[in-house]
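Heads up, upload.cif below (mmCIF, C-alpha atoms):
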```cif
data_final
loop_
_atom_site.label_atom_id
_atom_site.label_comp_id
_atom_site.auth_asym_id
_atom_site.auth_seq_id
_atom_site.Cartn_x
_atom_site.Cartn_y
_atom_site.Cartn_z
CA MET Q 718 83.89 87.83 67.63
CA ALA Q 719 83.84 84.76 65.42
CA ARG Q 720 85.30 82.55 68.13
CA GLN Q 721 82.38 83.26 70.44
CA PRO Q 722 80.00 80.41 71.03
CA PRO Q 723 76.70 81.21 69.28
CA SER Q 724 74.70 81.06 72.51
CA ALA Q 725 76.91 83.61 74.22
CA GLY Q 726 76.69 85.84 71.19
CA SER Q 727 72.92 85.88 71.16
CA VAL Q 728 72.67 86.57 74.88
CA ASP Q 729 75.19 89.38 74.63
CA GLY Q 730 73.40 90.77 71.62
CA ALA Q 731 70.03 90.73 73.37
CA VAL Q 732 71.41 92.52 76.40
CA ALA Q 733 73.51 94.92 74.36
CA ARG Q 734 70.48 96.08 72.41
CA ARG Q 735 68.69 97.09 75.58
CA GLY Q 736 70.57 100.32 75.94
CA ARG Q 737 73.54 101.82 77.58
CA LEU Q 738 72.70 100.86 81.15
CA GLY Q 739 73.86 97.30 80.52
CA PRO Q 740 77.42 96.10 80.67
CA LEU Q 741 77.52 95.73 76.90
CA PRO Q 742 76.11 98.88 75.31
CA PRO Q 743 75.13 98.94 71.61
CA PRO Q 744 77.99 98.19 69.23
CA SER Q 745 79.31 101.27 67.54
CA PRO Q 746 82.37 101.73 65.37
CA THR Q 747 83.81 104.62 67.30
CA ARG Q 748 82.82 103.92 70.88
CA LEU Q 749 85.37 104.04 73.64
CA LEU Q 750 85.06 101.96 76.79
CA CYS Q 751 86.74 103.22 79.95
CA ILE Q 752 87.72 100.24 82.04
CA VAL Q 753 88.09 101.26 85.67
CA PRO Q 754 89.61 98.49 87.78
CA ALA Q 755 88.93 99.23 91.43
CA LEU Q 756 89.88 97.48 94.64
CA ASN Q 757 88.62 99.01 97.89
CA GLU Q 758 88.15 102.43 96.31
CA GLU Q 759 84.68 103.36 97.52
CA HIS Q 760 85.88 106.86 98.43
CA THR Q 761 87.57 107.66 95.13
CA VAL Q 762 85.69 105.71 92.45
CA ALA Q 763 82.86 108.26 92.18
CA ALA Q 764 85.37 111.07 91.71
CA VAL Q 765 87.14 109.05 89.01
CA ILE Q 766 83.86 108.50 87.18
CA ALA Q 767 82.95 112.20 87.46
CA ASP Q 768 86.43 113.04 86.21
CA ILE Q 769 86.01 110.84 83.13
CA ARG Q 770 82.55 112.27 82.42
CA ALA Q 771 83.80 115.82 82.82
CA GLY Q 772 86.47 115.16 80.21
CA ALA Q 773 85.88 116.00 76.59
CA VAL Q 774 85.84 112.34 75.63
CA ASP Q 775 82.62 110.53 74.80
CA ALA Q 776 82.97 107.16 76.45
CA ASP Q 777 81.11 104.41 78.22
CA ILE Q 778 82.42 103.49 81.62
CA ILE Q 779 82.66 100.08 83.21
CA VAL Q 780 83.94 99.69 86.75
CA VAL Q 781 85.44 96.32 87.59
CA ASP Q 782 85.24 95.78 91.33
CA ASP Q 783 87.92 93.18 91.90
CA GLY Q 784 86.50 91.66 95.06
CA SER Q 785 86.55 94.77 97.23
CA ARG Q 786 85.81 94.45 100.93
CA ASP Q 787 84.21 97.90 100.95
CA ASP Q 788 81.25 99.16 98.90
CA THR Q 789 83.22 100.03 95.76
CA SER Q 790 80.63 98.44 93.47
CA GLY Q 791 77.77 100.21 95.25
CA ALA Q 792 79.51 103.56 95.01
CA ALA Q 793 80.15 102.98 91.31
CA ALA Q 794 76.63 101.73 90.58
CA ALA Q 795 75.23 104.85 92.28
CA CYS Q 796 76.93 106.85 89.53
CA GLY Q 797 74.93 104.95 86.94
CA VAL Q 798 77.83 103.17 85.26
CA SER Q 799 78.11 99.50 84.42
CA VAL Q 800 79.67 97.51 87.22
CA LEU Q 801 81.30 94.11 87.15
CA ARG Q 802 81.80 92.62 90.58
CA SER Q 803 84.20 89.75 90.91
CA PRO Q 804 83.33 87.17 93.56
CA PHE Q 805 86.95 87.29 94.73
CA ASN Q 806 90.16 89.17 94.08
CA MET Q 807 91.39 88.13 90.64
CA GLY Q 808 94.31 90.49 90.52
CA ILE Q 809 94.57 93.58 88.34
CA GLY Q 810 95.21 91.49 85.22
CA GLY Q 811 92.01 89.48 85.61
CA ALA Q 812 90.01 92.60 86.41
CA VAL Q 813 91.22 94.54 83.38
CA GLN Q 814 90.69 91.49 81.20
CA ALA Q 815 87.08 91.25 82.38
CA GLY Q 816 86.65 94.79 81.07
CA MET Q 817 88.43 93.77 77.85
CA ILE Q 818 85.95 90.92 77.36
CA CYS Q 819 83.09 93.42 77.65
CA ALA Q 820 84.85 95.75 75.21
CA ASP Q 821 85.36 92.87 72.79
CA GLU Q 822 81.81 91.57 72.99
CA GLY Q 823 80.34 95.06 72.98
CA GLY Q 824 82.14 95.77 69.73
CA TYR Q 825 84.11 98.73 71.05
CA GLN Q 826 86.81 100.14 68.82
CA PHE Q 827 88.85 101.46 71.72
CA ALA Q 828 89.29 100.77 75.39
CA VAL Q 829 91.20 102.78 77.94
CA GLN Q 830 92.26 101.66 81.38
CA VAL Q 831 91.75 104.30 84.06
CA ASP Q 832 92.68 103.16 87.55
CA GLY Q 833 90.01 103.55 90.21
CA ASP Q 834 92.41 105.10 92.71
CA GLY Q 835 92.36 108.45 90.93
CA GLN Q 836 95.99 108.26 89.89
CA HIS Q 837 95.18 108.69 86.23
CA VAL Q 838 94.02 112.10 85.00
CA ALA Q 839 90.92 111.60 82.86
CA ASP Q 840 91.69 114.70 80.82
CA GLU Q 841 94.75 112.88 79.53
CA ILE Q 842 92.56 110.27 77.80
CA ARG Q 843 92.37 112.83 75.01
CA THR Q 844 96.17 112.83 74.88
CA LEU Q 845 96.17 109.04 74.42
CA ILE Q 846 93.53 109.23 71.69
CA ASP Q 847 95.43 111.97 69.86
CA ALA Q 848 98.61 109.92 70.03
CA GLN Q 849 96.72 106.91 68.65
CA ARG Q 850 95.32 108.98 65.76
CA GLU Q 851 98.76 110.35 65.04
CA THR Q 852 100.68 107.07 65.14
CA GLY Q 853 98.02 104.49 64.34
CA ALA Q 854 99.49 102.35 67.09
CA ASN Q 855 97.56 99.41 68.51
CA VAL Q 856 98.36 100.43 72.07
CA VAL Q 857 99.23 103.82 73.52
CA ILE Q 858 100.81 103.95 76.97
CA GLY Q 859 100.58 107.10 79.03
CA SER Q 860 104.09 107.64 80.33
CA ARG Q 861 105.10 109.82 83.25
CA PHE Q 862 108.75 109.88 82.27
CA LEU Q 863 108.89 110.33 78.51
CA SER Q 864 109.84 114.00 78.64
CA GLY Q 865 111.14 114.90 82.04
CA THR Q 866 109.02 114.05 85.05
CA THR Q 867 106.18 115.67 86.88
CA PHE Q 868 105.79 112.64 89.08
CA ARG Q 869 107.42 112.47 92.48
CA SER Q 870 108.30 109.18 94.08
CA SER Q 871 111.06 107.69 96.18
CA ALA Q 872 114.52 107.23 94.72
CA ALA Q 873 114.32 103.47 95.27
CA ARG Q 874 111.05 103.24 93.43
CA ARG Q 875 112.29 105.36 90.57
CA GLY Q 876 115.40 103.22 90.39
CA GLY Q 877 113.27 100.10 90.21
CA MET Q 878 111.10 101.62 87.49
CA ARG Q 879 114.19 102.63 85.56
CA PHE Q 880 115.55 99.08 85.81
CA LEU Q 881 112.26 97.63 84.53
CA SER Q 882 112.18 100.12 81.70
CA ALA Q 883 115.72 99.21 80.70
CA LEU Q 884 114.91 95.50 80.84
CA VAL Q 885 111.68 95.79 78.87
CA SER Q 886 113.32 98.12 76.35
CA ALA Q 887 116.11 95.61 75.82
CA LEU Q 888 113.79 92.62 75.50
CA ALA Q 889 111.27 94.43 73.28
CA ARG Q 890 114.02 96.19 71.30
CA GLN Q 891 112.10 99.42 71.64
CA ARG Q 892 112.53 102.21 74.17
CA PHE Q 893 109.97 102.30 76.96
CA THR Q 894 110.15 104.81 79.79
CA ASP Q 895 107.18 103.91 81.99
CA THR Q 896 106.50 100.20 81.99
CA THR Q 897 104.40 100.14 85.15
CA SER Q 898 101.89 102.68 83.88
CA GLY Q 899 98.43 101.16 83.62
CA PHE Q 900 97.06 104.22 81.82
CA ARG Q 901 96.71 102.76 78.34
CA LEU Q 902 94.56 103.05 75.26
CA TYR Q 903 93.86 99.87 73.32
CA ASP Q 904 92.54 99.58 69.80
CA ARG Q 905 90.19 96.91 68.50
CA ARG Q 906 92.95 94.46 67.58
CA SER Q 907 94.61 94.60 70.98
CA ILE Q 908 91.20 94.35 72.68
CA GLU Q 909 90.51 91.15 70.77
CA LEU Q 910 93.90 89.72 71.69
CA LEU Q 911 93.85 90.71 75.35
CA SER Q 912 90.30 89.48 75.90
CA ILE Q 913 91.63 85.99 75.12
CA ASP Q 914 95.03 86.28 76.71
CA TYR Q 915 96.18 88.75 79.31
CA PRO Q 916 99.42 88.43 81.26
CA GLU Q 917 98.57 87.35 84.77
CA ASP Q 918 101.42 87.95 87.14
CA TYR Q 919 102.69 91.48 86.47
CA PRO Q 920 100.25 92.55 83.79
CA GLU Q 921 101.39 96.10 83.05
CA VAL Q 922 105.04 95.25 82.53
CA GLU Q 923 104.50 91.87 80.90
CA ALA Q 924 101.76 93.10 78.59
CA ILE Q 925 104.24 95.33 76.73
CA LEU Q 926 106.36 92.35 75.78
CA PHE Q 927 103.32 90.20 75.13
CA LEU Q 928 101.80 92.78 72.77
CA ARG Q 929 105.07 93.43 70.98
CA ARG Q 930 105.66 89.71 70.52
CA ALA Q 931 102.15 89.36 69.12
CA GLY Q 932 103.19 91.86 66.45
CA LEU Q 933 101.21 94.83 67.73
CA SER Q 934 102.62 98.32 67.79
CA VAL Q 935 102.97 99.97 71.18
CA VAL Q 936 103.89 103.62 71.63
CA GLU Q 937 104.25 105.89 74.63
CA THR Q 938 103.04 109.41 75.04
CA GLN Q 939 103.75 111.87 77.83
CA VAL Q 940 100.93 112.28 80.37
CA GLU Q 941 100.57 113.71 83.81
CA MET Q 942 99.52 111.59 86.73
CA ARG Q 943 98.40 112.40 90.23
CA GLU Q 944 99.65 111.06 93.50
CA ARG Q 945 97.27 108.39 94.70
CA GLN Q 946 94.23 109.97 96.35
CA ASP Q 947 93.50 107.05 98.58
CA GLY Q 948 94.89 103.62 99.23
CA ARG Q 949 98.43 102.50 98.63
CA SER Q 950 100.53 101.13 95.83
CA SER Q 951 100.52 97.37 95.70
CA ILE Q 952 104.31 97.64 95.67
CA THR Q 953 105.56 98.53 99.15
CA PRO Q 954 109.26 99.36 99.63
CA LEU Q 955 109.74 96.25 101.76
CA ARG Q 956 108.56 93.93 99.06
CA SER Q 957 110.05 95.81 96.15
CA VAL Q 958 113.23 93.73 95.94
CA TYR Q 959 111.19 90.54 95.92
CA TYR Q 960 108.89 92.13 93.34
CA MET Q 961 111.84 93.08 91.14
CA ALA Q 962 113.23 89.55 91.20
CA LYS Q 963 109.88 88.04 90.32
CA VAL Q 964 109.03 90.51 87.60
CA THR Q 965 112.48 90.09 86.06
CA LEU Q 966 111.95 86.35 85.95
CA ALA Q 967 108.46 86.84 84.53
CA LEU Q 968 109.83 89.11 81.80
CA LEU Q 969 112.57 86.69 80.85
CA VAL Q 970 110.03 83.86 80.75
CA GLU Q 971 107.66 86.04 78.75
CA SER Q 972 110.34 86.68 76.18
CA ILE Q 973 110.88 82.96 75.58
CA ARG Q 974 107.24 81.92 75.74
CA PHE Q 975 105.62 80.41 72.69
CA GLU Q 976 102.68 82.48 71.63
CA SER Q 977 100.66 79.42 70.71
CA SER Q 978 101.11 77.90 74.15
CA TRP Q 979 99.41 80.79 75.87
CA GLY Q 980 96.52 79.54 77.95
CA GLY Q 981 93.03 80.85 78.15
CA LYS Q 982 91.37 78.67 75.59
CA ARG Q 983 91.48 75.58 77.74
CA MET D 521 118.63 41.23 103.66
CA SER D 522 118.93 44.83 104.76
CA GLN D 523 116.22 46.42 106.84
CA TYR D 524 115.65 49.13 104.24
CA ILE D 525 114.19 46.50 101.96
CA TRP D 526 111.42 45.86 104.48
CA LEU D 527 110.85 49.57 104.96
CA SER D 528 110.74 50.10 101.23
CA ALA D 529 108.41 47.15 100.69
CA LEU D 530 106.11 48.31 103.47
CA GLY D 531 106.20 51.87 102.13
CA SER D 532 105.27 50.84 98.61
CA ILE D 533 102.44 48.63 99.87
CA VAL D 534 101.05 51.45 102.04
CA LEU D 535 101.34 53.87 99.11
CA LEU D 536 99.64 51.44 96.73
CA VAL D 537 96.75 50.82 99.15
CA ALA D 538 96.42 54.55 99.85
CA VAL D 539 96.38 55.48 96.16
CA LEU D 540 93.86 52.77 95.27
CA TRP D 541 91.66 53.79 98.20
CA LEU D 542 91.78 57.44 97.16
CA ILE D 543 90.80 56.51 93.61
CA ARG D 544 87.98 54.27 94.83
CA THR D 545 86.58 57.02 97.05
CA ARG D 546 86.97 59.50 94.21
CA GLN D 547 89.32 61.71 96.16
CA LEU D 548 92.06 61.31 93.57
CA HIS D 549 91.67 61.74 89.86
CA GLU D 550 93.03 58.86 87.79
CA ARG D 551 95.06 61.40 85.85
CA PHE D 552 97.07 62.25 88.94
CA ALA D 553 96.94 58.74 90.36
CA LEU D 554 99.00 57.50 87.44
CA ILE D 555 102.15 59.18 88.73
CA TRP D 556 101.71 57.76 92.20
CA LEU D 557 100.92 54.29 90.89
CA ALA D 558 104.00 54.43 88.69
CA ALA D 559 106.08 55.48 91.70
CA THR D 560 104.64 52.63 93.76
CA VAL D 561 105.32 50.05 91.08
CA ALA D 562 108.86 51.32 90.49
CA ILE D 563 109.72 51.18 94.18
CA ALA D 564 108.09 47.77 94.60
CA VAL D 565 109.97 46.32 91.62
CA LEU D 566 113.31 47.71 92.78
CA THR D 567 112.64 46.39 96.29
CA VAL D 568 111.64 42.80 95.54
CA TRP D 569 114.18 42.51 92.72
CA PRO D 570 117.51 43.66 94.18
CA ALA D 571 119.34 42.75 90.97
CA ALA D 572 117.42 45.50 89.16
CA LEU D 573 118.35 48.02 91.84
CA GLU D 574 122.01 47.00 91.66
CA TRP D 575 121.93 47.27 87.89
CA LEU D 576 120.41 50.76 88.13
CA ALA D 577 122.97 51.80 90.77
CA GLY D 578 125.77 50.55 88.51
CA LEU D 579 124.28 52.38 85.56
CA LEU D 580 124.15 55.68 87.51
CA GLY D 581 127.56 55.11 89.10
CA ILE D 582 126.10 54.95 92.60
CA ALA D 583 128.13 52.83 95.02
CA SER D 584 125.28 51.98 97.35
CA PRO D 585 122.11 50.53 95.75
CA PRO D 586 119.77 52.02 98.43
CA ASN D 587 120.87 55.46 97.28
CA ALA D 588 119.64 54.61 93.80
CA LEU D 589 116.25 53.97 95.38
CA PHE D 590 116.36 57.50 96.81
CA ILE D 591 117.13 58.87 93.38
CA VAL D 592 114.14 57.07 91.93
CA LEU D 593 111.96 58.37 94.76
CA GLY D 594 113.29 61.90 94.24
CA VAL D 595 112.49 61.79 90.54
CA PHE D 596 108.91 60.79 91.27
CA PHE D 597 108.59 63.46 93.94
CA LEU D 598 109.72 66.18 91.56
CA TRP D 599 107.56 64.85 88.76
CA GLY D 600 104.51 64.70 91.01
CA LEU D 601 105.05 68.18 92.41
CA LEU D 602 105.65 69.70 89.01
CA HIS D 603 102.53 67.99 87.73
CA ALA D 604 100.57 69.44 90.65
CA SER D 605 101.95 72.94 90.02
CA VAL D 606 100.89 72.73 86.39
CA ALA D 607 97.43 71.60 87.44
CA ILE D 608 97.13 74.44 89.96
CA THR D 609 98.20 76.97 87.33
CA ARG D 610 95.50 75.74 84.98
CA LEU D 611 92.87 75.71 87.72
CA ALA D 612 93.80 79.24 88.82
CA ARG D 613 93.41 80.51 85.25
CA GLN D 614 90.09 78.72 84.79
CA ASN D 615 88.99 80.15 88.12
CA VAL D 616 89.66 83.69 86.94
CA ARG D 617 87.84 83.01 83.66
CA LEU D 618 84.84 81.80 85.64
CA ALA D 619 84.94 84.84 87.93
CA GLN D 620 85.00 87.14 84.90
CA ARG D 621 82.06 85.32 83.35
CA VAL D 622 80.12 85.35 86.62
CA ALA D 623 80.75 89.09 87.01
CA ILE D 624 79.58 89.79 83.44
CA LEU D 625 76.52 87.53 83.74
CA GLU D 626 75.61 89.11 87.07
CA ALA D 627 75.76 92.57 85.52
CA GLN D 628 73.62 91.40 82.60
CA LEU D 629 71.15 89.79 84.97
CA ARG D 630 70.84 92.97 87.04
CA GLU D 631 70.17 94.88 83.84
CA ALA D 632 67.64 92.34 82.60
CA VAL D 633 65.75 92.63 85.91
CA VAL D 634 65.75 96.42 85.65
CA ASP D 635 64.47 96.18 82.06
CA GLU D 636 61.77 93.75 83.14
CA LYS D 637 60.51 96.28 85.68
CA THR D 638 60.55 99.21 83.28
CA THR D 639 58.84 97.29 80.45
CA PRO D 640 55.01 97.18 80.45
CA GLU D 641 53.58 93.89 81.77
CA HIS D 642 51.84 92.82 78.56
CA GLU D 643 55.03 93.27 76.53
CA PRO D 644 57.83 91.04 77.79
CA ALA D 645 61.27 92.53 77.35
CA ALA D 646 62.55 89.51 75.44
CA ALA D 647 59.86 89.82 72.79
CA GLY D 648 60.72 93.43 72.18
CA ASP D 649 64.19 92.58 70.93
#
```
Could you show the structure in this file as structure tokens?
Amino acid sequence: MARQPPSAGSVDGAVARRGRLGPLPPPSPTRLLCIVPALNEEHTVAAVIADIRAGAVDADIIVVDDGSRDDTSGAAAACGVSVLRSPFNMGIGGAVQAGMICADEGGYQFAVQVDGDGQHVADEIRTLIDAQRETGANVVIGSRFLSGTTFRSSAARRGGMRFLSALVSALARQRFTDTTSGFRLYDRRSIELLSIDYPEDYPEVEAILFLRRAGLSVVETQVEMRERQDGRSSITPLRSVYYMAKVTLALLVESIRFESSWGGKR
Amino acid sequence: MSQYIWLSALGSIVLLVAVLWLIRTRQLHERFALIWLAATVAIAVLTVWPAALEWLAGLLGIASPPNALFIVLGVFFLWGLLHASVAITRLARQNVRLAQRVAILEAQLREAVVDEKTTPEHEPAAAGD
């Protein structure tokens, strides 16, 4: 918080004190912020919000509408949650980071990413929190593949995921089983780091290496996930080979990047 | 004198005029113009001073001096393109930062307007804080 310009701090503070309707609810040492990135999810975002609220976890919710063409932000706002609406599509990394900035400036101790497509099971947030309490890790990733699999997908896609896991595990020198999972719990330290710098190109996969290289501890825990309720994966079979090549390059670059040269402060 | 000399001289003059015009009309930032001016000067020097081009060709082991001119051109092309890619990367990142800020400010503004409406007239919301 110290790096914030004073003017921004005072504005945030003034708004934050006005209650939990605002994007930056009152600072509290235990609060959890659910960051829900959503792109063209007007039909599922309300169900995701209801799902999170129905869970046993006490959390504030912020939906980040990443430049949807449909009424995602309207559908979310109708549920009474905070909504950030990007003027254009920033990409999932930029959207999640916008939520991270709110978590940072709102003084949240934890943030959890719950995708707006309904893929993530809100009940499993508790699983992530328990794993964090148990391990004290900075980041907990909800993995579909840690102990067996309850998640069906095509052989090609599973093969690709397995390849990425092997690559990330080798580069991070730690075993990861589900590198593309966006279902993650972040503690205060990782919130502060990611609100300044968040991998841009293939955020889920790259973030693991980025966080490990920044000296943060990252653990996985087994969770269940649903098939997507609506919409499609951003990774179609046709483009998956191209995706694999690019993400491999990005990972190799990530592993040789100087931490100090990371942008974001310019 | 070979015809390429005239082509090269004409090319460098056109490039120089174009770059200066773009700077004058503020369509090109001086920061980027530097590369193009350097390219123009290098080509012009190597054109009007064939001895320099021959020396460079000899240095690089290139039999035909005009090919050395191509090498010089190629280096400037790559430099300029790389420079542009770096600039685009920075702009894209700044663009996302701005979008994030705009989204957050918009949300705060919406909330401030709601607060304004729910707060009694004689007691401005700002004073209550």
Legend entry - Å distance separating CA of Leu611 in chain D from CA of Gly824 in chain Q, one decimal place: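 Those two atoms sit 29.0 Å apart.
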Could you build a table of the residues in chain D lying no more than 8 Å from chain Q, giving for each the nearest pair of atoms and their separation in Å rounded to one decimal place, using only C-alpha atoms, ordered by chain and ascending residue number, as JSON lines?
```
{"residue": "D:Arg613", "atom": "CA", "partner": "Q:Gly981", "partner_atom": "CA", "distance": 7.1}
{"residue": "D:Gln614", "atom": "CA", "partner": "Q:Gly981", "partner_atom": "CA", "distance": 7.6}
{"residue": "D:Val616", "atom": "CA", "partner": "Q:Met807", "partner_atom": "CA", "distance": 6.0}
{"residue": "D:Arg617", "atom": "CA", "partner": "Q:Gly981", "partner_atom": "CA", "distance": 7.9}
{"residue": "D:Ala619", "atom": "CA", "partner": "Q:Ser803", "partner_atom": "CA", "distance": 5.8}
{"residue": "D:Gln620", "atom": "CA", "partner": "Q:Ala815", "partner_atom": "CA", "distance": 5.3}
{"residue": "D:Arg621", "atom": "CA", "partner": "Q:Ala815", "partner_atom": "CA", "distance": 7.8}
{"residue": "D:Val622", "atom": "CA", "partner": "Q:Ser803", "partner_atom": "CA", "distance": 7.4}
{"residue": "D:Ala623", "atom": "CA", "partner": "Q:Leu801", "partner_atom": "CA", "distance": 5.1}
{"residue": "D:Ile624", "atom": "CA", "partner": "Q:Leu801", "partner_atom": "CA", "distance": 5.9}
{"residue": "D:Glu626", "atom": "CA", "partner": "Q:Leu801", "partner_atom": "CA", "distance": 7.6}
{"residue": "D:Ala627", "atom": "CA", "partner": "Q:Leu801", "partner_atom": "CA", "distance": 6.0}
{"residue": "D:Gln628", "atom": "CA", "partner": "Q:Gly739", "partner_atom": "CA", "distance": 6.3}
{"residue": "D:Glu631", "atom": "CA", "partner": "Q:Gly739", "partner_atom": "CA", "distance": 5.5}
{"residue": "D:Ala632", "atom": "CA", "partner": "Q:Val732", "partner_atom": "CA", "distance": 7.3}
{"residue": "D:Asp635", "atom": "CA", "partner": "Q:Arg735", "partner_atom": "CA", "distance": 7.8}
{"residue": "D:Ala646", "atom": "CA", "partner": "Q:Ala731", "partner_atom": "CA", "distance": 7.9}
{"residue": "D:Asp649", "atom": "CA", "partner": "Q:Ala731", "partner_atom": "CA", "distance": 6.6}
```
Inset, instruction - For Glu923 in chain Q, list every protein, DNA or RNA residue within 10 Å, evaluated using only C-alpha atoms, and leave out those in the same chain fewer than 3 positions away; present the list as an NGL selection string. - result: :Q and (885 or 896-897 or 915-920 or 926-928 or 964-965 or 967-972)
Legend entry - Polymer residues at most 12 Å from Ala572 in chain D, only C-alpha atoms, same-chain spacing of 5 or more positions, as a list in words: Ala562, Ile563, Ala564, Val565, Leu566, Thr567, Ala577, Gly578, Leu579, Pro585, Pro586, Ala588 and Leu589 of chain D
Legend entry - CA of Glu909 in chain Q to CA of Glu758 in chain Q, straight-line distance in Å: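 Computing it gives 28.0 Å between the two atoms.
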Legend entry - Given the PyMOL selection byres ((chain Q and resi 755) around 8), the residues it picks as a PyMOL selection string: chain Q and resi 753-754+756-758+762+780-783+785+789+832-834
Inset, instruction - Write out as a VMD selection string which residues come within 12 Å of Leu598 in chain D when counting only C-alpha atoms, dropping same-chain ones fewer than 6 positions away. - result: chain D and resid 555 to 556 559 591 to 592 604 to 605
Inset, instruction - Might you pull out every residue within 10 Å of Ala820 in chain Q, with only C-alpha atoms counted and same-chain residues fewer than 2 positions away left off, and present them as a ChimeraX atom specification? - result: /Q:740-742,744,748-752,777,779,814-818,822-829,905,908-909,912
